[in-house]
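Shown next, in structure tokens, is the structure this report addresses.
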Amino acid sequence: MMERIALEAIGISKAFGSRDALRTVDLVACQGELHGLLGPNGAGKTTLMRVLLGLVRRDAGTVTLLDRTLDPAGDAVPDGVAGLVEVPAFYPYLSGRKNLALLARLDDARRSVSRGRVDSALEQTGLTAQADMAVAGYSAGMRQRLGLAAALLRSPRLLFLDEPTSSLDPAGARDVRALARRLADDGAAVVFSSHDMVEVEELCTAVTIINHGRVVVSGAVDDLRMRAPAAAHALHTSDDAAAYSLASRWPGVTAAWGSEGGLALSADIDVLDAYVIALGRAGVAVRGLERRARSLESLFFELTADGSRGDSPATGSSEGAEDAHDLEAAS
Amino acid sequence: MRRNRLPRSLIVIAAAATSCCGSSPITSARIEQAIEPTFANLVRVQVSWLKMPPMDASEFQVTASCRRQLSGSDAGAGDWVCTLRWQSPDFQTLRDTFDLFVTTDGCYTATAAGESLGGPRLRLSDGTEVRNLLYAFEGCFDTT
Amino acid sequence: MSVRGCVAVVGVEYSKLAAQLKARVALAACVVGPFAFAAAMKAQSSVPEDTLFGRSVKESGFAVPLVVLGFAALWVFPVLASLVGGDVFSAEDRYGTWKTVLTRSRSRSEVFAGKVVTALGFSLLLVSVLALSSVAAGVLLIGSQPLISLSGVLLAPPHALTRVVLAWTTVVLPTCGLTAVAVLLSIATRSSVAGVGLPLIASLLMQLYAFVDGPEVIRQALITSAFGAWHGLLAEPPYYGPLVRGSMVSGVYLAICVLIAYRSLRQRDFAG
């Protein structure tokens, strides 16, 4: 299935002084795709977004947005492309509506057209009631929604969202995710960067994981889940001791005593099926078999191999790249 | 900025420019050429304000002789003294001295040194007062 | 880069200006100031003898705009020129809105050109309002009597008015030059305080040089000298040397500051 490519960024590199922020990063997103951008703080997600939107000049690489190649130096953002980078900023002495009207004017909209677009964007983000209040009085959540409204003004077919749910309450975050999903369903490509791996895994159809300025792994979420280390299962039986001794002799199954009673098994799904059938034949009844999915999060931590489940970048980047290499070779 | 062409060329131009013109354009010749007609025109206006018969500026035959108060230099801004020889409306030959302060942009303020020309204001025969245009006046001249 | 794009930016900038208090305060001050001055001159007996045409200020209303012009060169023009010029770029830094403005359909060149045009236009608007208000204040409060020129010649009211208007016109280009200086300083320092304050300080320092009898060439290279070029228009016969030179110098300041400012903005990374 050949979807049209909305975003094609190849070989993006950017250094700030002696610090390499991005090293030959590739990012491709198709129409209708919700593409997640995952990585710890300082990985380069925001820098990449800024490069793609023309806010930061790239040192190398090509950027094509909706079939338009972008000059490194200060081109306007093409029609149909919109972005929301970090905490949205507006003129605090103007109302939300006035801010949006000015931005619509910068987008070439004639006044009659812009009024309709502004009203629609405000409605879609639930800000109609506070639209005429000065932005200085907006809460963080309202500001975030105004930023989304500003992006929606451009009727985007390619939308960059940089941590859009970070300052929102759960209800607001849910609305944003629903909006992103709706836009993708309507055919737009949405690049959604986030810290929250659960959010990305639930929401996105494709993901690119970045660490220390390099792409660690990239692909469809389903494919990557397959590559993730084998899922662990929690097994509760009528005779755990017997189950354990059978498991330790069964090829392809790794067994350990679970922290909450029962067994913790690690095996491919086919091997597990055969083992469970064998348990039954041996007279051991299965009372509970729960899949503890090791998902993208575990894949990420393995690949980035920082040694600790934290955000601080360590020296593990080369290992991470090697792991990615192995995965690529294995597929 | 990586390229240093722009600042270096500016320095070269500035050095060349400064090396040429050293002396000040505020010279006695320029002051005299400015103050003579100015004084004559002011006398003409004063004559009309004093409700005397109108006269042409050239009739006053004003000549000026100016020198800097600071000895040792003959050009530059600051304090100057000008002596004006002219013919009054009643055909008397007069000599009046003025203290000038000249600014670097070529404008001067001349104040009468003595009381011979009267005070700041003059009284007409009908009791009204007019400003004495010759008591203190100002003017400008070209320094380029 | 398109003209239509710049016009869109100019429209947005003027909308923002209209909502800002400082723009209205500055315009009001330019209207009220000369009237306050003329009223004071009418009421009191002493006159400002240290300014050109100060002595004539009670005798001819046309002296009022010239006294205002002389005074404004020292204090007012640097502030007027940098009020918008020194803030129009650094305000985006202050509010963090560069990323908002630069992710729309306008290129950096269009944004730059639009903001510079806004700054120049507003400076000129303030100068025009100040000029018109000074003339109105002089004529309405003092009268339209003949004016004694800088060569002692009495100018009939129509001639006096023409010369006064021309004199005010000569400060247009130097004001644009000062605005460009303010723009460059605000882009370089990313601070509105510096953008408004530094041009004023620089102007005052340049004018201090007028009191020093240094090399003439340096004095003529200072943009503040161009603000006194109008003297030649009030002489008989008029002389234009300082005006020609001042215009060239102002043009050079304008061109160089705008070019450096443009390059700086083009190359900047907005990394947050």
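A note on labels: chains of the structure tokens are A, B, ... as shown, every chain counts residues from 1, and ligands are counted from 1 in their shown order.
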Write out as a VMD selection string all residues of region 200-299 of chain A that DSSP puts in strand (DSSP E) for this structure's backbone.
chain A and resid 206 to 211 214 to 220 232 to 237 254 to 257 263 to 266 286 to 292
Expected file contents, prior selection, C-alpha atoms, as a short mmCIF file (atom, residue, chain, number, x, y, z; two decimals), in the first residue's frame:
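This is the output file result_3.cif:
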```cif
data_model
loop_
_atom_site.label_atom_id
_atom_site.label_comp_id
_atom_site.auth_asym_id
_atom_site.auth_seq_id
_atom_site.Cartn_x
_atom_site.Cartn_y
_atom_site.Cartn_z
CA ALA A 206 4.50 4.52 13.24
CA VAL A 207 7.27 5.61 15.53
CA THR A 208 10.82 6.89 15.35
CA ILE A 209 12.96 6.57 18.44
CA ILE A 210 15.74 9.11 18.82
CA ASN A 211 18.58 9.23 21.31
CA ARG A 214 20.59 9.71 16.25
CA VAL A 215 17.69 7.59 15.09
CA VAL A 216 17.80 4.42 17.14
CA VAL A 217 14.96 2.62 15.42
CA SER A 218 12.09 3.54 13.13
CA GLY A 219 9.10 1.73 11.73
CA ALA A 220 5.45 0.75 12.16
CA ALA A 232 6.78 -12.25 29.79
CA HIS A 233 3.82 -14.19 31.17
CA ALA A 234 2.65 -14.70 34.70
CA LEU A 235 1.44 -18.28 35.25
CA HIS A 236 -0.65 -19.52 38.16
CA THR A 237 -1.33 -23.30 38.31
CA THR A 254 12.83 -19.31 30.63
CA ALA A 255 11.17 -19.66 34.00
CA ALA A 256 11.56 -17.83 37.27
CA TRP A 257 9.53 -17.59 40.42
CA LEU A 263 5.78 -18.32 37.79
CA ALA A 264 7.23 -15.69 35.48
CA LEU A 265 7.80 -17.25 32.05
CA SER A 266 9.54 -15.84 29.03
CA VAL A 286 -3.70 -23.63 34.54
CA ARG A 287 -5.51 -21.19 36.81
CA GLY A 288 -4.24 -18.03 35.25
CA LEU A 289 -2.01 -17.04 32.33
CA GLU A 290 -1.42 -13.28 32.03
CA ARG A 291 0.64 -11.64 29.34
CA ARG A 292 2.85 -8.97 30.76
#
```
Would you list the contacts of region 172-179 of chain C as a PyMOL selection string, taking every protein, DNA or RNA residue within 7 Å and counting only C-alpha atoms, but skipping same-chain residues closer than 2 positions in sequence?
chain C and resi 77-78+81-82+85+119-120+124+169-170+181-183+223+226-227+247+250-251+253-254
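Take CA of Gly96 (chain A) and CA of Val7 (chain C): the distance between them is 22.8 Å.
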How close does chain C get to chain A? List, as a Markdown table, each residue of chain C within 8 Å, its nearest atom pair and the distance in Å to one decimal, counting only C-alpha atoms.
```
| residue | atom | partner | partner_atom | distance |
| --- | --- | --- | --- | --- |
| C:Gly5 | CA | A:Asp108 | CA | 7.6 |
| C:Ala8 | CA | A:Leu106 | CA | 5.9 |
| C:Val9 | CA | A:Leu106 | CA | 6.3 |
| C:Val12 | CA | A:Leu102 | CA | 5.8 |
| C:Ala19 | CA | A:Leu94 | CA | 7.6 |
| C:Tyr95 | CA | A:Tyr91 | CA | 6.6 |
| C:Gly96 | CA | A:Ala89 | CA | 5.8 |
| C:Thr97 | CA | A:Ala89 | CA | 5.2 |
| C:Lys99 | CA | A:Leu55 | CA | 6.8 |
| C:Thr100 | CA | A:Ala89 | CA | 6.6 |
| C:Val101 | CA | A:Leu103 | CA | 7.4 |
| C:Leu102 | CA | A:Leu55 | CA | 7.0 |
| C:Thr103 | CA | A:Val77 | CA | 5.7 |
| C:Arg104 | CA | A:Val77 | CA | 5.8 |
| C:Ser105 | CA | A:Asp107 | CA | 4.9 |
| C:Arg106 | CA | A:Ala76 | CA | 4.9 |
| C:Ser107 | CA | A:Ala76 | CA | 3.9 |
| C:Arg108 | CA | A:Gly74 | CA | 5.2 |
| C:Ser109 | CA | A:Gly74 | CA | 7.5 |
| C:Arg266 | CA | A:Gly74 | CA | 6.3 |
| C:Gln267 | CA | A:Ala73 | CA | 7.2 |
| C:Arg268 | CA | A:Val56 | CA | 7.5 |
| C:Asp269 | CA | A:Val56 | CA | 4.5 |
| C:Phe270 | CA | A:Leu55 | CA | 5.2 |
| C:Ala271 | CA | A:Val56 | CA | 6.2 |
```
Should the cut-off be 8 Å, what would the residue list for chain B against chain C look like, counting only C-alpha atoms, as an MDAnalysis selection string?
chainID B and resid 17:18 21:25 34 37:42 45 76:77 103:105 138:144
Give me, as a PyMOL selection string, all polymer residues having an atom no more than 12 Å from region 33-45 of chain C, counting only C-alpha atoms and skipping those fewer than 6 positions away in the same chain.
chain C and resi 25-27+54-69+71-72+76+129-143
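Coordinates place CA of Gln92 (chain B) at a distance of 16.0 Å from CA of Asp56 (chain B).
The spacing separating CA of Leu117 (chain B) from CA of Phe101 (chain B) amounts to 19.0 Å.
Neighbours of Lys115 (chain C) closer than or equal to 7 Å, with only C-alpha atoms counted and sequence neighbours fewer than 2 positions away skipped, come out as Val9, Val10, Glu13, Val88, Val111, Phe112, Ala113, Val117, Thr118 and Ala119 of chain C.
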Pull C-alpha atoms from the residues just selected and write them as a PDB file, in the first residue's frame.
```pdb
ATOM      1  CA  VAL C   9       3.409  41.780   7.923  1.00  0.00           C
ATOM      2  CA  VAL C  10       3.096  45.577   8.037  1.00  0.00           C
ATOM      3  CA  GLU C  13       2.556  45.033  13.076  1.00  0.00           C
ATOM      4  CA  VAL C  88       9.727  45.731  16.948  1.00  0.00           C
ATOM      5  CA  VAL C 111       8.998  39.431   8.207  1.00  0.00           C
ATOM      6  CA  PHE C 112      12.178  41.512   8.333  1.00  0.00           C
ATOM      7  CA  ALA C 113      11.096  43.897   5.592  1.00  0.00           C
ATOM      8  CA  VAL C 117       8.894  49.338   7.095  1.00  0.00           C
ATOM      9  CA  THR C 118       6.648  49.521  10.150  1.00  0.00           C
ATOM     10  CA  ALA C 119       9.405  51.048  12.246  1.00  0.00           C
TER      11      ALA C 119
END
```
Determine, counting only C-alpha atoms, which protein, DNA and RNA residues have an atom within 7 Å of an atom of Thr205 (chain A); residues of the same chain fewer than 5 positions away are not included. Present the result as a PDB file with C-alpha atoms, in the first residue's frame.
```pdb
ATOM      1  CA  GLU A  33      -0.133   8.417   9.471  1.00  0.00           C
ATOM      2  CA  LEU A  34       0.201   9.319  13.125  1.00  0.00           C
ATOM      3  CA  HIS A  35       3.952   9.182  13.501  1.00  0.00           C
ATOM      4  CA  ALA A 220       5.451   0.745  12.160  1.00  0.00           C
ATOM      5  CA  VAL A 221       4.455   0.262  15.783  1.00  0.00           C
TER       6      VAL A 221
END
```
Distance query Cys204 (chain A) at most 12 Å, only C-alpha atoms, self and fewer than 2 positions along chain excluded, as a PDB file with N, CA and C atoms, in the first residue's frame:
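Contents of out-v3.pdb, as written:
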```pdb
ATOM      1  N   ALA A  29       7.225  10.398   6.935  1.00  0.00           N
ATOM      2  CA  ALA A  29       5.851  10.204   7.405  1.00  0.00           C
ATOM      3  C   ALA A  29       4.913  10.292   6.209  1.00  0.00           C
ATOM      4  N   GLY A  32      -2.073  10.402   6.381  1.00  0.00           N
ATOM      5  CA  GLY A  32      -2.934   9.535   7.165  1.00  0.00           C
ATOM      6  C   GLY A  32      -2.201   8.825   8.287  1.00  0.00           C
ATOM      7  N   GLU A  33      -0.916   9.123   8.466  1.00  0.00           N
ATOM      8  CA  GLU A  33      -0.133   8.417   9.471  1.00  0.00           C
ATOM      9  C   GLU A  33       0.033   9.278  10.706  1.00  0.00           C
ATOM     10  N   LEU A  34      -0.116   8.639  11.868  1.00  0.00           N
ATOM     11  CA  LEU A  34       0.201   9.319  13.125  1.00  0.00           C
ATOM     12  C   LEU A  34       1.570   8.798  13.538  1.00  0.00           C
ATOM     13  N   HIS A  35       2.576   9.634  13.318  1.00  0.00           N
ATOM     14  CA  HIS A  35       3.952   9.182  13.501  1.00  0.00           C
ATOM     15  C   HIS A  35       4.477   9.718  14.825  1.00  0.00           C
ATOM     16  N   GLY A  36       4.853   8.804  15.707  1.00  0.00           N
ATOM     17  CA  GLY A  36       5.359   9.230  17.000  1.00  0.00           C
ATOM     18  C   GLY A  36       6.852   9.458  16.961  1.00  0.00           C
ATOM     19  N   LEU A  37       7.306  10.437  17.719  1.00  0.00           N
ATOM     20  CA  LEU A  37       8.732  10.730  17.835  1.00  0.00           C
ATOM     21  C   LEU A  37       9.073  10.571  19.315  1.00  0.00           C
ATOM     22  N   LEU A  38       9.827   9.546  19.627  1.00  0.00           N
ATOM     23  CA  LEU A  38      10.096   9.218  21.020  1.00  0.00           C
ATOM     24  C   LEU A  38      11.551   9.445  21.345  1.00  0.00           C
ATOM     25  N   ARG A 177      -5.387  14.146  21.885  1.00  0.00           N
ATOM     26  CA  ARG A 177      -5.115  12.879  21.184  1.00  0.00           C
ATOM     27  C   ARG A 177      -6.232  12.564  20.208  1.00  0.00           C
ATOM     28  N   ALA A 178      -7.462  12.837  20.644  1.00  0.00           N
ATOM     29  CA  ALA A 178      -8.595  12.582  19.745  1.00  0.00           C
ATOM     30  C   ALA A 178      -8.506  13.470  18.516  1.00  0.00           C
ATOM     31  N   ALA A 180      -5.753  14.703  17.210  1.00  0.00           N
ATOM     32  CA  ALA A 180      -4.673  14.212  16.356  1.00  0.00           C
ATOM     33  C   ALA A 180      -5.144  13.000  15.562  1.00  0.00           C
ATOM     34  N   ARG A 181      -5.846  12.098  16.225  1.00  0.00           N
ATOM     35  CA  ARG A 181      -6.343  10.893  15.546  1.00  0.00           C
ATOM     36  C   ARG A 181      -7.323  11.281  14.453  1.00  0.00           C
ATOM     37  N   ALA A 184      -5.488  12.625  11.481  1.00  0.00           N
ATOM     38  CA  ALA A 184      -4.834  11.549  10.728  1.00  0.00           C
ATOM     39  C   ALA A 184      -5.872  10.758   9.941  1.00  0.00           C
ATOM     40  N   ASP A 185      -7.025  10.510  10.556  1.00  0.00           N
ATOM     41  CA  ASP A 185      -8.052   9.764   9.854  1.00  0.00           C
ATOM     42  C   ASP A 185      -8.541  10.536   8.632  1.00  0.00           C
ATOM     43  N   ALA A 189      -0.891  13.943   7.822  1.00  0.00           N
ATOM     44  CA  ALA A 189       0.219  13.273   8.496  1.00  0.00           C
ATOM     45  C   ALA A 189       0.490  14.067   9.765  1.00  0.00           C
ATOM     46  N   VAL A 190       0.518  13.360  10.896  1.00  0.00           N
ATOM     47  CA  VAL A 190       0.740  14.053  12.166  1.00  0.00           C
ATOM     48  C   VAL A 190       1.996  13.485  12.801  1.00  0.00           C
ATOM     49  N   VAL A 191       2.965  14.331  13.073  1.00  0.00           N
ATOM     50  CA  VAL A 191       4.178  13.922  13.769  1.00  0.00           C
ATOM     51  C   VAL A 191       4.028  14.353  15.219  1.00  0.00           C
ATOM     52  N   PHE A 192       4.018  13.393  16.108  1.00  0.00           N
ATOM     53  CA  PHE A 192       3.622  13.617  17.507  1.00  0.00           C
ATOM     54  C   PHE A 192       4.801  13.232  18.387  1.00  0.00           C
ATOM     55  N   SER A 193       5.453  14.231  18.989  1.00  0.00           N
ATOM     56  CA  SER A 193       6.603  13.885  19.818  1.00  0.00           C
ATOM     57  C   SER A 193       6.174  13.828  21.274  1.00  0.00           C
ATOM     58  N   SER A 194       6.738  12.920  21.981  1.00  0.00           N
ATOM     59  CA  SER A 194       6.288  12.739  23.358  1.00  0.00           C
ATOM     60  C   SER A 194       7.329  11.997  24.160  1.00  0.00           C
ATOM     61  N   ASP A 196       5.984  10.221  26.666  1.00  0.00           N
ATOM     62  CA  ASP A 196       5.113   9.181  27.206  1.00  0.00           C
ATOM     63  C   ASP A 196       4.997   8.051  26.202  1.00  0.00           C
ATOM     64  N   MET A 197       5.699   6.956  26.486  1.00  0.00           N
ATOM     65  CA  MET A 197       5.741   5.875  25.510  1.00  0.00           C
ATOM     66  C   MET A 197       4.400   5.174  25.393  1.00  0.00           C
ATOM     67  N   VAL A 198       3.696   5.111  26.512  1.00  0.00           N
ATOM     68  CA  VAL A 198       2.388   4.462  26.471  1.00  0.00           C
ATOM     69  C   VAL A 198       1.476   5.244  25.532  1.00  0.00           C
ATOM     70  N   GLU A 199       1.525   6.560  25.666  1.00  0.00           N
ATOM     71  CA  GLU A 199       0.693   7.404  24.807  1.00  0.00           C
ATOM     72  C   GLU A 199       1.025   7.169  23.344  1.00  0.00           C
ATOM     73  N   VAL A 200       2.337   7.169  23.042  1.00  0.00           N
ATOM     74  CA  VAL A 200       2.746   7.006  21.643  1.00  0.00           C
ATOM     75  C   VAL A 200       2.336   5.636  21.128  1.00  0.00           C
ATOM     76  N   GLU A 201       2.545   4.623  21.956  1.00  0.00           N
ATOM     77  CA  GLU A 201       2.240   3.273  21.488  1.00  0.00           C
ATOM     78  C   GLU A 201       0.751   3.103  21.221  1.00  0.00           C
ATOM     79  N   GLU A 202      -0.065   3.749  22.080  1.00  0.00           N
ATOM     80  CA  GLU A 202      -1.522   3.633  21.900  1.00  0.00           C
ATOM     81  C   GLU A 202      -1.994   4.412  20.693  1.00  0.00           C
ATOM     82  N   ALA A 206       3.074   4.682  13.532  1.00  0.00           N
ATOM     83  CA  ALA A 206       4.496   4.516  13.244  1.00  0.00           C
ATOM     84  C   ALA A 206       5.264   5.305  14.285  1.00  0.00           C
ATOM     85  N   VAL A 207       6.502   4.899  14.508  1.00  0.00           N
ATOM     86  CA  VAL A 207       7.274   5.607  15.534  1.00  0.00           C
ATOM     87  C   VAL A 207       8.736   5.664  15.131  1.00  0.00           C
ATOM     88  N   THR A 208       9.383   6.765  15.514  1.00  0.00           N
ATOM     89  CA  THR A 208      10.824   6.889  15.353  1.00  0.00           C
ATOM     90  C   THR A 208      11.398   7.177  16.728  1.00  0.00           C
ATOM     91  N   GLY A 219       9.938   2.658  12.474  1.00  0.00           N
ATOM     92  CA  GLY A 219       9.095   1.732  11.732  1.00  0.00           C
ATOM     93  C   GLY A 219       7.673   1.755  12.242  1.00  0.00           C
ATOM     94  N   ALA A 220       6.838   0.854  11.704  1.00  0.00           N
ATOM     95  CA  ALA A 220       5.451   0.745  12.160  1.00  0.00           C
ATOM     96  C   ALA A 220       5.437   0.197  13.573  1.00  0.00           C
ATOM     97  N   VAL A 221       4.504   0.664  14.369  1.00  0.00           N
ATOM     98  CA  VAL A 221       4.455   0.262  15.783  1.00  0.00           C
ATOM     99  C   VAL A 221       4.278  -1.253  15.899  1.00  0.00           C
ATOM    100  N   ASP A 222       3.417  -1.803  15.062  1.00  0.00           N
ATOM    101  CA  ASP A 222       3.186  -3.251  15.122  1.00  0.00           C
ATOM    102  C   ASP A 222       4.467  -4.024  14.838  1.00  0.00           C
ATOM    103  N   LEU A 296       7.044  -1.290  23.628  1.00  0.00           N
ATOM    104  CA  LEU A 296       7.998  -0.347  23.070  1.00  0.00           C
ATOM    105  C   LEU A 296       8.898   0.244  24.138  1.00  0.00           C
TER     106      LEU A 296
END
```
Using only C-alpha atoms, determine which residues lie at most 7 Å from Trp86 (chain B), disregarding the query and same-chain residues fewer than 6 positions distant; provide the list as number ranges by chain.
B: 60-63, 93-95
Which of these residues is nearest to Cys6 (chain C), using only C-alpha atoms: C:Glu110, C:Trp98, C:Ala23, C:Ala29?
C:Glu110
